[in-house]
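Structure file work_20.txt; described as compact mmCIF, C-alpha atoms.
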# COMPACT_ATOMS: atom_id res chain seq x y z
CA SER G 1 0.00 0.00 0.00
CA THR G 2 3.01 2.34 -0.30
CA PHE G 3 4.23 3.68 -3.63
CA ASP G 4 6.58 6.34 -4.91
CA VAL G 5 4.10 7.47 -7.58
CA ALA G 6 0.40 6.67 -8.00
CA VAL G 7 -1.18 7.24 -11.43
CA VAL G 8 -4.94 7.82 -11.20
CA GLY G 9 -6.79 6.55 -14.27
CA ALA G 10 -6.24 3.40 -16.31
CA GLY G 11 -7.15 4.78 -19.70
CA ILE G 12 -4.65 4.64 -22.50
CA VAL G 13 -2.80 7.83 -21.40
CA GLY G 14 -2.58 6.76 -17.76
CA LEU G 15 -1.32 3.28 -18.66
CA ALA G 16 1.18 4.60 -21.21
CA SER G 17 2.49 7.09 -18.64
CA ALA G 18 2.77 4.46 -15.90
CA ARG G 19 4.60 2.15 -18.31
CA GLU G 20 7.07 4.89 -19.25
CA LEU G 21 7.67 5.85 -15.60
CA VAL G 22 8.42 2.31 -14.42
CA ARG G 23 10.73 1.74 -17.39
CA ARG G 24 12.71 4.89 -16.50
CA HIS G 25 12.72 4.30 -12.74
CA PRO G 26 12.78 0.51 -12.18
CA ALA G 27 13.91 0.88 -8.55
CA LEU G 28 10.80 2.86 -7.58
CA ALA G 29 7.31 1.55 -6.76
CA PHE G 30 4.41 2.60 -9.02
CA ALA G 31 0.66 2.01 -8.88
CA VAL G 32 -2.23 2.68 -11.25
CA LEU G 33 -5.59 3.35 -9.56
CA GLU G 34 -8.73 2.75 -11.64
CA LYS G 35 -12.33 3.19 -10.50
CA GLU G 36 -13.74 0.62 -12.94
CA LYS G 37 -13.29 -3.15 -12.71
CA GLU G 38 -11.67 -3.21 -16.17
CA LEU G 39 -9.03 -1.13 -17.91
CA ALA G 40 -9.55 1.41 -20.73
CA HIS G 41 -13.28 1.28 -20.12
CA HIS G 42 -14.33 4.78 -21.15
CA GLN G 43 -12.80 7.09 -23.79
CA SER G 44 -10.02 4.59 -24.58
CA GLY G 45 -12.58 1.85 -25.24
CA HIS G 46 -15.19 4.01 -26.98
CA ASN G 47 -13.25 5.78 -29.72
CA SER G 48 -13.04 5.46 -33.48
CA GLY G 49 -9.75 3.52 -33.44
CA VAL G 50 -8.03 5.85 -35.92
CA ILE G 51 -4.25 6.28 -35.84
CA HIS G 52 -4.17 9.97 -36.77
CA SER G 53 -1.32 11.40 -38.82
CA GLY G 54 -1.31 14.97 -37.41
CA ILE G 55 -2.83 17.06 -40.22
CA TYR G 56 -5.42 19.18 -38.40
CA TYR G 57 -3.47 20.64 -35.53
CA LYS G 58 -1.97 24.09 -35.25
CA PRO G 59 1.71 24.02 -36.25
CA GLY G 60 3.93 24.21 -33.19
CA SER G 61 1.19 23.00 -30.83
CA LEU G 62 1.66 20.04 -28.51
CA LYS G 63 -1.14 18.28 -30.39
CA ALA G 64 0.73 18.55 -33.70
CA LYS G 65 4.11 17.56 -32.29
CA LEU G 66 2.88 14.70 -30.11
CA CYS G 67 0.51 13.28 -32.75
CA VAL G 68 3.20 12.99 -35.42
CA GLN G 69 5.65 11.47 -32.93
CA GLY G 70 2.95 9.30 -31.36
CA ALA G 71 1.73 7.83 -34.66
CA ALA G 72 5.25 6.65 -35.51
CA LEU G 73 5.69 5.21 -32.00
CA CYS G 74 2.26 3.53 -32.18
CA TYR G 75 3.08 1.70 -35.42
CA GLU G 76 6.48 0.70 -34.04
CA TYR G 77 4.94 -0.58 -30.79
CA CYS G 78 2.25 -2.58 -32.59
CA ASP G 79 4.92 -4.18 -34.79
CA GLN G 80 6.98 -5.12 -31.72
CA LYS G 81 4.00 -6.59 -29.86
CA GLY G 82 2.26 -8.22 -32.81
CA ILE G 83 -0.86 -6.07 -32.33
CA PRO G 84 -2.81 -6.02 -35.60
CA TYR G 85 -3.44 -2.70 -37.35
CA LYS G 86 -4.23 -1.54 -40.88
CA GLN G 87 -2.59 1.41 -42.59
CA CYS G 88 -5.69 2.00 -44.68
CA GLY G 89 -5.12 5.73 -45.27
CA LYS G 90 -7.50 8.65 -45.16
CA LEU G 91 -9.05 10.98 -47.73
CA ILE G 92 -10.23 14.42 -46.61
CA VAL G 93 -12.69 15.17 -49.40
CA ALA G 94 -13.90 18.52 -50.72
CA VAL G 95 -17.38 18.17 -52.24
CA GLU G 96 -18.04 21.91 -52.76
CA GLN G 97 -15.91 24.52 -54.55
CA ASP G 98 -15.70 26.74 -51.47
CA GLU G 99 -14.06 23.88 -49.53
CA ILE G 100 -11.06 23.68 -51.86
CA PRO G 101 -9.16 26.68 -50.40
CA ARG G 102 -9.64 25.21 -46.90
CA LEU G 103 -8.42 21.83 -48.15
CA LYS G 104 -5.29 23.41 -49.63
CA ALA G 105 -4.66 25.26 -46.36
CA LEU G 106 -5.00 21.95 -44.53
CA TYR G 107 -2.42 20.43 -46.87
CA GLU G 108 0.00 23.26 -46.06
CA ARG G 109 -0.64 22.77 -42.35
CA GLY G 110 0.07 19.05 -42.66
CA LEU G 111 3.36 19.79 -44.41
CA GLN G 112 4.33 22.21 -41.61
CA ASN G 113 3.56 19.45 -39.10
CA ASN G 114 5.88 17.02 -40.98
CA VAL G 115 3.09 14.58 -41.80
CA ARG G 116 4.42 11.91 -44.13
CA GLY G 117 3.19 11.22 -47.65
CA LEU G 118 0.54 13.93 -47.99
CA LYS G 119 -0.69 14.85 -51.46
CA LEU G 120 -3.64 16.57 -53.09
CA ILE G 121 -5.56 14.42 -55.59
CA GLY G 122 -8.38 15.04 -58.07
CA ALA G 123 -11.75 13.42 -58.70
CA LYS G 124 -10.41 10.48 -60.76
CA GLU G 125 -7.76 9.62 -58.15
CA ILE G 126 -10.41 9.79 -55.42
CA GLN G 127 -12.46 7.17 -57.25
CA ALA G 128 -9.38 5.03 -57.86
CA LYS G 129 -8.86 4.87 -54.09
CA GLU G 130 -12.53 4.92 -53.02
CA PRO G 131 -14.69 3.74 -55.95
CA PHE G 132 -17.97 4.84 -54.34
CA CYS G 133 -16.76 8.24 -53.12
CA ARG G 134 -17.47 11.44 -55.04
CA GLY G 135 -15.49 14.63 -54.58
CA LEU G 136 -13.82 17.50 -56.40
CA MET G 137 -10.46 17.24 -54.64
CA ALA G 138 -9.06 15.35 -51.66
CA LEU G 139 -6.11 15.38 -49.33
CA ASP G 140 -4.63 11.88 -49.34
CA SER G 141 -2.98 10.80 -46.06
CA PRO G 142 -1.60 7.29 -46.70
CA TYR G 143 -0.10 6.81 -43.22
CA THR G 144 -3.40 7.18 -41.35
CA GLY G 145 -4.39 3.80 -39.92
CA ILE G 146 -6.75 1.95 -37.61
CA VAL G 147 -6.16 -0.19 -34.53
CA ASN G 148 -8.05 -1.48 -31.49
CA TYR G 149 -6.90 0.96 -28.80
CA LYS G 150 -8.34 -1.13 -25.98
CA GLN G 151 -5.97 -3.91 -27.05
CA VAL G 152 -3.07 -1.41 -27.15
CA ALA G 153 -3.95 -0.13 -23.66
CA GLN G 154 -4.13 -3.69 -22.32
CA SER G 155 -0.65 -4.33 -23.72
CA TYR G 156 0.66 -1.21 -21.95
CA ALA G 157 -0.83 -2.58 -18.71
CA GLU G 158 0.94 -5.92 -19.20
CA ASP G 159 4.25 -4.13 -19.81
CA PHE G 160 3.71 -2.08 -16.63
CA GLN G 161 2.93 -5.10 -14.48
CA GLU G 162 5.79 -7.16 -15.91
CA ALA G 163 8.13 -4.31 -14.91
CA GLY G 164 6.87 -4.51 -11.33
CA GLY G 165 3.99 -2.03 -11.39
CA THR G 166 0.76 -2.55 -9.44
CA ILE G 167 -2.74 -2.00 -10.86
CA LEU G 168 -5.62 -1.57 -8.43
CA THR G 169 -9.04 -1.72 -10.10
CA ASP G 170 -12.39 -0.90 -8.46
CA PHE G 171 -10.51 1.90 -6.67
CA GLU G 172 -12.43 5.17 -7.11
CA VAL G 173 -10.35 8.01 -5.70
CA THR G 174 -12.45 10.33 -3.56
CA ASN G 175 -9.86 12.05 -1.37
CA MET G 176 -6.18 13.03 -1.39
CA GLU G 177 -4.41 14.69 1.50
CA VAL G 178 -1.06 14.96 3.20
CA ALA G 179 -0.84 12.63 6.19
CA LYS G 180 -0.17 14.08 9.63
CA GLU G 181 3.25 13.23 11.03
CA SER G 182 3.24 11.16 14.20
CA SER G 183 5.85 11.29 16.93
CA SER G 184 7.07 7.83 15.94
CA GLU G 185 8.18 9.06 12.54
CA SER G 186 11.79 9.99 11.75
CA GLU G 187 13.03 13.58 11.64
CA ASP G 188 12.71 13.41 7.87
CA GLY G 189 8.97 13.07 8.23
CA LEU G 190 6.82 10.52 6.45
CA LYS G 191 8.45 8.82 3.49
CA TYR G 192 5.01 8.43 1.84
CA PRO G 193 3.18 11.58 2.99
CA VAL G 194 0.22 11.53 0.58
CA VAL G 195 -2.86 9.53 1.56
CA VAL G 196 -5.19 8.54 -1.29
CA ARG G 197 -8.59 7.18 -0.26
CA ASN G 198 -11.25 5.49 -2.33
CA SER G 199 -15.04 5.38 -2.08
CA LYS G 200 -14.86 2.29 0.18
CA GLY G 201 -12.54 3.97 2.68
CA GLU G 202 -9.46 2.02 1.58
CA GLU G 203 -6.14 3.87 1.53
CA ILE G 204 -2.80 3.83 -0.22
CA TYR G 205 0.19 5.99 0.61
CA CYS G 206 2.51 7.57 -1.91
CA ARG G 207 5.04 10.36 -2.47
CA HIS G 208 3.55 11.80 -5.65
CA ILE G 209 0.42 11.56 -7.81
CA VAL G 210 -0.17 11.84 -11.56
CA THR G 211 -3.83 12.10 -12.59
CA CYS G 212 -4.97 10.99 -16.05
CA ALA G 213 -8.67 10.98 -15.33
CA GLY G 214 -10.25 12.05 -18.62
CA LEU G 215 -13.90 12.82 -17.97
CA TYR G 216 -13.16 13.47 -14.28
CA SER G 217 -9.91 15.43 -14.60
CA ASP G 218 -11.46 18.68 -13.34
CA ARG G 219 -13.10 17.01 -10.33
CA LEU G 220 -9.89 15.26 -9.29
CA SER G 221 -8.11 18.59 -9.55
CA GLU G 222 -10.68 20.16 -7.24
CA ILE G 223 -10.41 17.26 -4.78
CA SER G 224 -6.67 17.91 -4.57
CA GLY G 225 -7.16 21.63 -3.98
CA CYS G 226 -5.95 22.64 -7.45
CA SER G 227 -7.76 24.80 -10.02
CA PRO G 228 -11.15 23.63 -11.36
CA GLU G 229 -10.32 25.26 -14.72
CA PRO G 230 -10.46 24.17 -17.48
CA ARG G 231 -13.81 22.50 -16.83
CA ILE G 232 -14.86 19.27 -18.49
CA VAL G 233 -18.15 19.32 -20.40
CA PRO G 234 -19.12 15.90 -21.82
CA PHE G 235 -20.22 15.60 -25.46
CA ARG G 236 -21.72 12.34 -26.65
CA GLY G 237 -20.91 11.15 -30.14
CA ASP G 238 -23.35 8.66 -31.66
CA TYR G 239 -22.21 6.47 -34.54
CA LEU G 240 -24.15 4.69 -37.21
CA VAL G 241 -22.80 1.48 -38.73
CA LEU G 242 -23.04 0.24 -42.27
CA LYS G 243 -24.84 -3.07 -42.60
CA PRO G 244 -22.28 -5.85 -43.12
CA GLU G 245 -23.34 -6.46 -46.71
CA LYS G 246 -22.65 -2.78 -47.54
CA CYS G 247 -19.17 -2.44 -46.01
CA TYR G 248 -17.58 -3.00 -49.43
CA MET G 249 -18.41 0.64 -50.23
CA VAL G 250 -15.67 1.98 -47.89
CA LYS G 251 -11.99 1.01 -48.05
CA GLY G 252 -10.28 3.64 -45.87
CA ASN G 253 -11.15 6.66 -43.74
CA ILE G 254 -13.22 9.30 -45.56
CA TYR G 255 -13.45 12.67 -43.81
CA PRO G 256 -15.07 16.02 -44.67
CA VAL G 257 -13.10 19.24 -44.91
CA PRO G 258 -13.48 20.75 -41.42
CA ASN G 259 -15.35 24.01 -41.17
CA PRO G 260 -13.53 26.40 -38.80
CA GLN G 261 -16.88 27.98 -37.86
CA PHE G 262 -17.91 24.75 -36.11
CA PRO G 263 -16.23 23.16 -33.10
CA PHE G 264 -16.18 19.52 -34.27
CA LEU G 265 -14.94 17.67 -37.36
CA GLY G 266 -18.25 16.48 -38.81
CA PHE G 267 -19.46 13.12 -40.09
CA HIS G 268 -16.89 10.68 -41.45
CA PHE G 269 -16.54 7.07 -42.57
CA THR G 270 -14.31 4.93 -40.37
CA PRO G 271 -13.40 1.30 -41.14
CA ARG G 272 -12.79 -0.86 -38.07
CA MET G 273 -10.42 -3.72 -37.35
CA ASP G 274 -13.35 -6.16 -37.18
CA GLY G 275 -14.37 -5.29 -40.75
CA SER G 276 -17.30 -3.07 -39.79
CA VAL G 277 -17.62 0.58 -40.87
CA TRP G 278 -18.65 3.31 -38.45
CA LEU G 279 -20.36 6.46 -39.70
CA GLY G 280 -20.32 9.68 -37.72
CA PRO G 281 -20.17 10.78 -35.00
CA ASN G 282 -22.48 13.64 -34.22
CA ALA G 283 -21.75 15.80 -31.15
CA VAL G 284 -24.46 16.53 -28.58
CA LEU G 285 -24.25 17.54 -24.94
CA ALA G 286 -24.26 14.42 -22.74
CA PHE G 287 -26.37 14.61 -19.59
CA LYS G 288 -24.04 12.18 -17.82
CA ARG G 289 -20.24 12.08 -17.99
CA GLU G 290 -20.31 8.39 -18.79
CA GLY G 291 -23.70 8.45 -20.48
CA TYR G 292 -23.41 6.34 -23.61
CA ASN G 293 -27.15 6.01 -24.11
CA PHE G 294 -29.63 8.66 -25.22
CA PHE G 295 -31.57 8.68 -21.93
CA ASP G 296 -28.61 8.38 -19.51
CA PHE G 297 -28.86 11.17 -16.95
CA SER G 298 -26.95 12.30 -13.87
CA THR G 299 -28.27 15.27 -11.90
CA THR G 300 -24.77 16.17 -10.69
CA ASP G 301 -23.22 16.01 -14.17
CA PHE G 302 -26.13 17.86 -15.78
CA LEU G 303 -26.08 20.70 -13.26
CA ASP G 304 -22.29 20.89 -13.46
CA ALA G 305 -22.55 21.48 -17.21
CA VAL G 306 -25.54 23.81 -17.44
CA MET G 307 -24.45 26.02 -14.55
CA TYR G 308 -21.10 26.67 -16.17
CA SER G 309 -21.03 30.01 -17.99
CA GLY G 310 -18.45 28.74 -20.48
CA LEU G 311 -20.96 26.21 -21.86
CA TRP G 312 -23.60 28.89 -22.49
CA LYS G 313 -21.10 31.07 -24.30
CA LEU G 314 -20.18 28.10 -26.52
CA VAL G 315 -23.85 27.24 -27.14
CA LEU G 316 -24.85 30.80 -28.07
CA ARG G 317 -21.97 31.08 -30.54
CA ASN G 318 -22.90 27.77 -32.18
CA LEU G 319 -26.67 27.72 -31.73
CA SER G 320 -27.66 26.68 -35.27
CA TYR G 321 -24.93 24.03 -35.38
CA GLY G 322 -26.03 22.63 -32.02
CA LEU G 323 -29.70 22.48 -33.03
CA SER G 324 -28.73 20.74 -36.28
CA GLU G 325 -26.72 18.16 -34.34
CA MET G 326 -29.67 17.49 -32.01
CA TYR G 327 -31.99 17.11 -35.01
CA ARG G 328 -29.60 14.66 -36.67
CA ALA G 329 -29.30 12.71 -33.43
CA CYS G 330 -33.04 12.03 -33.58
CA PHE G 331 -33.50 11.33 -37.29
CA LEU G 332 -31.49 8.76 -39.24
CA SER G 333 -32.41 10.32 -42.57
CA ALA G 334 -30.75 13.61 -41.56
CA GLN G 335 -27.50 11.80 -40.74
CA VAL G 336 -27.60 9.80 -43.95
CA LYS G 337 -28.05 13.02 -45.92
CA GLN G 338 -24.64 14.14 -44.61
CA LEU G 339 -23.08 10.85 -45.69
CA GLN G 340 -24.59 11.01 -49.18
CA LYS G 341 -22.48 14.08 -49.96
CA PHE G 342 -19.54 11.66 -50.16
CA ILE G 343 -21.11 8.31 -51.06
CA PRO G 344 -24.42 8.98 -52.84
CA GLU G 345 -25.31 5.28 -52.90
CA VAL G 346 -25.74 5.09 -49.10
CA THR G 347 -29.41 4.96 -48.10
CA VAL G 348 -31.31 4.84 -44.81
CA ASN G 349 -31.80 1.11 -45.41
CA ASP G 350 -28.01 0.57 -45.43
CA VAL G 351 -27.35 1.80 -41.90
CA LEU G 352 -28.08 0.85 -38.31
CA ARG G 353 -27.67 2.78 -35.08
CA GLY G 354 -24.29 1.93 -33.61
CA PRO G 355 -22.21 2.57 -30.49
CA SER G 356 -21.56 5.89 -28.77
CA GLY G 357 -18.64 7.54 -27.04
CA VAL G 358 -18.36 10.49 -24.68
CA ARG G 359 -15.68 13.09 -25.30
CA ALA G 360 -14.14 14.85 -22.29
CA GLN G 361 -14.16 18.31 -23.79
CA ALA G 362 -12.29 20.93 -21.78
CA LEU G 363 -13.88 24.39 -21.88
CA ASP G 364 -12.58 27.65 -20.50
CA SER G 365 -14.79 30.28 -18.87
CA ASP G 366 -15.02 32.24 -22.14
CA GLY G 367 -16.65 29.28 -23.88
CA ASN G 368 -13.58 28.32 -25.91
CA LEU G 369 -12.78 24.68 -26.55
CA VAL G 370 -9.37 24.06 -25.00
CA ASP G 371 -7.70 22.73 -28.09
CA ASP G 372 -4.31 21.65 -26.81
CA PHE G 373 -3.07 19.28 -24.14
CA VAL G 374 -2.95 20.85 -20.66
CA PHE G 375 -0.70 19.67 -17.83
CA ASP G 376 -0.60 21.44 -14.46
CA GLY G 377 -0.19 21.03 -10.74
CA GLY G 378 -0.73 23.21 -7.72
CA SER G 379 0.93 24.64 -4.70
CA GLY G 380 1.02 23.82 -1.03
CA ASP G 381 1.59 20.48 0.67
CA ILE G 382 -0.62 18.41 -1.64
CA GLY G 383 -0.70 20.50 -4.84
CA SER G 384 3.07 20.50 -5.16
CA ARG G 385 3.07 16.70 -5.15
CA ILE G 386 0.58 16.33 -8.01
CA LEU G 387 0.75 16.54 -11.79
CA HIS G 388 -2.68 16.76 -13.44
CA VAL G 389 -3.15 15.80 -17.09
CA ARG G 390 -6.07 18.19 -17.50
CA ASN G 391 -6.92 17.92 -21.16
CA ALA G 392 -5.95 15.04 -23.42
CA PRO G 393 -8.48 15.06 -26.28
CA SER G 394 -8.22 13.30 -29.62
CA PRO G 395 -5.55 12.45 -30.81
CA ALA G 396 -4.53 11.35 -27.28
CA ALA G 397 -4.79 7.64 -28.11
CA THR G 398 -2.58 8.05 -31.19
CA SER G 399 -0.21 10.23 -29.16
CA SER G 400 -0.20 8.11 -26.00
CA LEU G 401 3.44 6.96 -26.11
CA ALA G 402 4.67 10.46 -26.98
CA ILE G 403 2.48 12.00 -24.25
CA ALA G 404 3.88 9.43 -21.80
CA LYS G 405 7.45 10.54 -22.54
CA MET G 406 6.50 14.15 -21.95
CA ILE G 407 4.70 13.30 -18.70
CA ALA G 408 7.68 11.25 -17.48
CA ASP G 409 9.99 14.20 -18.25
CA GLU G 410 7.66 16.54 -16.34
CA VAL G 411 7.38 14.13 -13.37
CA LYS G 412 11.17 13.94 -13.13
CA ARG G 413 11.48 17.74 -13.31
CA ARG G 414 8.73 18.53 -10.80
CA PHE G 415 9.29 15.73 -8.32
CA GLU G 416 13.06 15.25 -8.77
CA LEU G 417 12.73 11.47 -9.01
Turn the structure described in the file into structure tokens.
Amino acid sequence: STFDVAVVGAGIVGLASARELVRRHPALAFAVLEKEKELAHHQSGHNSGVIHSGIYYKPGSLKAKLCVQGAALCYEYCDQKGIPYKQCGKLIVAVEQDEIPRLKALYERGLQNNVRGLKLIGAKEIQAKEPFCRGLMALDSPYTGIVNYKQVAQSYAEDFQEAGGTILTDFEVTNMEVAKESSSESEDGLKYPVVVRNSKGEEIYCRHIVTCAGLYSDRLSEISGCSPEPRIVPFRGDYLVLKPEKCYMVKGNIYPVPNPQFPFLGFHFTPRMDGSVWLGPNAVLAFKREGYNFFDFSTTDFLDAVMYSGLWKLVLRNLSYGLSEMYRACFLSAQVKQLQKFIPEVTVNDVLRGPSGVRAQALDSDGNLVDDFVFDGGSGDIGSRILHVRNAPSPAATSSLAIAKMIADEVKRRFEL
């Protein structure tokens, strides 16, 4: 029950970070604390499975740097471990003339980010790659791939445990505090001064904490006495799936040209490792942080979201977009209409309602989506012993090994391991 560093959260970022830490510091004791009974249960197990190449992100940002590095590390890791993946590529397709300048700007951004193999292609080349897809021009990203990230996360966990790390599941952290010294302790004080308690009253003791809590990153920060900002507002993304007999229509990832006026990427076609094809997702406010179903509701989570001024500022700036997303969430035909811009042959009869995921979207008080990764700590007895991974949105799964290296560097710097 005593550890040098406890990592809270057994999603893909938490497990990658714990793995990197134990590899760098084999003489120290590490633990991963996870509230669920299984690993990678939430965002890491409910994502599209795309290995992103790093095209979209602002040049010079952590997202751009870590995604490009992380994709290369992800492919290398999967090769080493024999984890299956497919480098099926991605086309970002312009279907309207006014999208072409944005597509060309995206190409330039990808080049600045050192994304490999990018090229602009015309209508005939689009059809050569995706026979059922129609478009005026596309950005071809051949090194985009797909993988089962839950399998990758499980492999990280095995590496961590084989190196001597401890994973405690069903351990929901509800309190962190610095233990009081007793007279029996040495003059140096407690070697493991931080007490971490779970919802059952069980305790572990440690020197330092790293939180990688995704949908609960803001709440864990508050528990530890650190800043509640940026706040997490959950957005549910619902996918459709192509019926199995129609999956031949999609070979690789097909994405729209993102519209900078809207906060999310829009509907896309995503092949999966099991041979299925996911379509979507939409983006609607979730009324529960882990609410994967339409009617899932938590009073605490709902009030947390709607009482936050940052959410209302975001909503008012994107009112028509938000209403459109809610409409499409209710009516299959509206979602299919979006898909038909790219593959006209898709009909309502070709699709079924599929799985959903919940995105831990960090928002600031001005209603801006926090676009980049955010790492911070605090001050005082407890805050100075904690590193919070506050915002790790997509492409965090792709970037997980690169993020882990950065977190391990930061842990060494802050905590002088």
For this session: Tell me, as a VMD selection string, which residues lie within 7 Å of region 24-35 of chain G, counting all atoms listed in the file; anything in the same chain fewer than 4 positions away does not count.
Result: chain G and resid 3 to 10 20 165 to 172
Exercise. Suppose you want the space between CA of Pro355 (chain G) and CA of Arg236 (chain G); what is it in Å?
Worked result: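 Spanning CA of Pro355 (chain G) to CA of Arg236 (chain G) is a straight-line distance of 10.5 Å.
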For this session: For a cut-off of 8 Å around (-4.6, 20.7, -26.6), file coordinates, pick out all residues using all atoms listed in the file and list them as a list in words.
Result: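 Final list of nearby residues, as requested, is Ser61, Leu62, Lys63, Val370, Asp371, Asp372, Phe373, Val374, Asn391, Ala392 and Pro393 of chain G.
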Write out the residues from the selection above, keeping C-alpha atoms, as a PDB file, in the coordinates of the input.
ATOM      1  CA  SER G  61       1.190  23.000 -30.830  1.00  0.00           C
ATOM      2  CA  LEU G  62       1.660  20.040 -28.510  1.00  0.00           C
ATOM      3  CA  LYS G  63      -1.140  18.280 -30.390  1.00  0.00           C
ATOM      4  CA  VAL G 370      -9.370  24.060 -25.000  1.00  0.00           C
ATOM      5  CA  ASP G 371      -7.700  22.730 -28.090  1.00  0.00           C
ATOM      6  CA  ASP G 372      -4.310  21.650 -26.810  1.00  0.00           C
ATOM      7  CA  PHE G 373      -3.070  19.280 -24.140  1.00  0.00           C
ATOM      8  CA  VAL G 374      -2.950  20.850 -20.660  1.00  0.00           C
ATOM      9  CA  ASN G 391      -6.920  17.920 -21.160  1.00  0.00           C
ATOM     10  CA  ALA G 392      -5.950  15.040 -23.420  1.00  0.00           C
ATOM     11  CA  PRO G 393      -8.480  15.060 -26.280  1.00  0.00           C
TER      12      PRO G 393
END
For this session: Using only C-alpha atoms, pick whichever of G:Ala362, G:Val257, G:Leu118, G:Val13 has the shortest atom-to-atom distance to Ile403 (chain G).
Result: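 Going through G:Ala362, G:Val257, G:Leu118, G:Val13 one by one, the smallest distance to Ile403 (chain G) is for G:Val13.
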Problem set entry | Minimum-distance residue to Gly145 (chain G), chosen among G:Lys313, G:Lys119, G:Lys65, G:Lys86 (using only C-alpha atoms) |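 Between G:Lys313, G:Lys119, G:Lys65, G:Lys86, the residue approaching Gly145 (chain G) most closely is G:Lys86.
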Exercise. Skipping near chain neighbours, those fewer than 3 positions away, what residues fall within 8 Å of Leu106 (chain G) using all atoms listed in the file, listed as a PyMOL selection string?
Worked result: chain G and resi 55-56+102-103+109-110
Residues just named, written with C-alpha atoms as a PDB file, keeping the file's coordinate frame:
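Written file, part-v4.pdb:
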ATOM      1  CA  ILE G  55      -2.830  17.060 -40.220  1.00  0.00           C
ATOM      2  CA  TYR G  56      -5.420  19.180 -38.400  1.00  0.00           C
ATOM      3  CA  ARG G 102      -9.640  25.210 -46.900  1.00  0.00           C
ATOM      4  CA  LEU G 103      -8.420  21.830 -48.150  1.00  0.00           C
ATOM      5  CA  ARG G 109      -0.640  22.770 -42.350  1.00  0.00           C
ATOM      6  CA  GLY G 110       0.070  19.050 -42.660  1.00  0.00           C
TER       7      GLY G 110
END
For this session: Measuring atom to atom with all atoms listed in the file, identify which of G:Ile51, G:Ala397, G:Val346, G:Val115 is nearest to Ser333 (chain G).
Result: G:Val346
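Using only C-alpha atoms, the smallest distance between any of G:Phe235, G:Tyr143, G:Phe375, G:Phe267 and His52 (chain G) comes from G:Tyr143.
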For this session: Just the residues within 10 Å of region 88-93 of chain G, please, counting all atoms listed in the file, with nothing from its chain fewer than 6 positions along; format it as a ChimeraX atom specification.
Result: /G:50-53,99-100,103,106-107,119-123,126,129-130,133-146,251-258,268-271,341-342
For this session: Quick one: pull the distance between CA of Val351 (chain G) and CA of Leu240 (chain G), Å, one decimal.
Result: 6.4 Å
Exercise. Pick from G:Val411, G:Val147, G:Val348, G:Val152: nearest to Arg385 (chain G), with only C-alpha atoms counted?
Worked result: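 When distances to Arg385 (chain G) are compared using only C-alpha atoms, the smallest one comes from G:Val411.
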Filled-in N, CA, C and O atoms of region 26-34 of chain G, supplied as a PDB file, in the frame of the given file:
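Writing the result to part_11.pdb gives the following:
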ATOM      1  N   PRO G  26      13.120   1.883 -12.596  1.00  0.00           N
ATOM      2  CA  PRO G  26      12.780   0.510 -12.180  1.00  0.00           C
ATOM      3  C   PRO G  26      12.944   0.250 -10.683  1.00  0.00           C
ATOM      4  O   PRO G  26      12.355  -0.704 -10.159  1.00  0.00           O
ATOM      5  N   ALA G  27      13.703   1.104  -9.984  1.00  0.00           N
ATOM      6  CA  ALA G  27      13.910   0.880  -8.550  1.00  0.00           C
ATOM      7  C   ALA G  27      12.771   1.453  -7.709  1.00  0.00           C
ATOM      8  O   ALA G  27      12.690   1.174  -6.507  1.00  0.00           O
ATOM      9  N   LEU G  28      11.894   2.242  -8.324  1.00  0.00           N
ATOM     10  CA  LEU G  28      10.800   2.860  -7.580  1.00  0.00           C
ATOM     11  C   LEU G  28       9.521   2.023  -7.701  1.00  0.00           C
ATOM     12  O   LEU G  28       9.377   1.192  -8.598  1.00  0.00           O
ATOM     13  N   ALA G  29       8.586   2.281  -6.773  1.00  0.00           N
ATOM     14  CA  ALA G  29       7.310   1.550  -6.760  1.00  0.00           C
ATOM     15  C   ALA G  29       6.204   2.422  -7.358  1.00  0.00           C
ATOM     16  O   ALA G  29       6.034   3.578  -6.941  1.00  0.00           O
ATOM     17  N   PHE G  30       5.469   1.861  -8.324  1.00  0.00           N
ATOM     18  CA  PHE G  30       4.410   2.600  -9.020  1.00  0.00           C
ATOM     19  C   PHE G  30       3.089   1.838  -8.929  1.00  0.00           C
ATOM     20  O   PHE G  30       3.071   0.601  -8.948  1.00  0.00           O
ATOM     21  N   ALA G  31       1.998   2.597  -8.861  1.00  0.00           N
ATOM     22  CA  ALA G  31       0.660   2.010  -8.880  1.00  0.00           C
ATOM     23  C   ALA G  31      -0.217   2.765  -9.863  1.00  0.00           C
ATOM     24  O   ALA G  31      -0.040   3.970 -10.073  1.00  0.00           O
ATOM     25  N   VAL G  32      -1.164   2.062 -10.464  1.00  0.00           N
ATOM     26  CA  VAL G  32      -2.230   2.680 -11.250  1.00  0.00           C
ATOM     27  C   VAL G  32      -3.537   2.410 -10.511  1.00  0.00           C
ATOM     28  O   VAL G  32      -3.825   1.262 -10.148  1.00  0.00           O
ATOM     29  N   LEU G  33      -4.315   3.452 -10.270  1.00  0.00           N
ATOM     30  CA  LEU G  33      -5.590   3.350  -9.560  1.00  0.00           C
ATOM     31  C   LEU G  33      -6.726   3.598 -10.544  1.00  0.00           C
ATOM     32  O   LEU G  33      -6.759   4.640 -11.201  1.00  0.00           O
ATOM     33  N   GLU G  34      -7.650   2.659 -10.648  1.00  0.00           N
ATOM     34  CA  GLU G  34      -8.730   2.750 -11.640  1.00  0.00           C
ATOM     35  C   GLU G  34     -10.066   2.469 -10.962  1.00  0.00           C
ATOM     36  O   GLU G  34     -10.226   1.476 -10.254  1.00  0.00           O
TER      37      GLU G  34
END
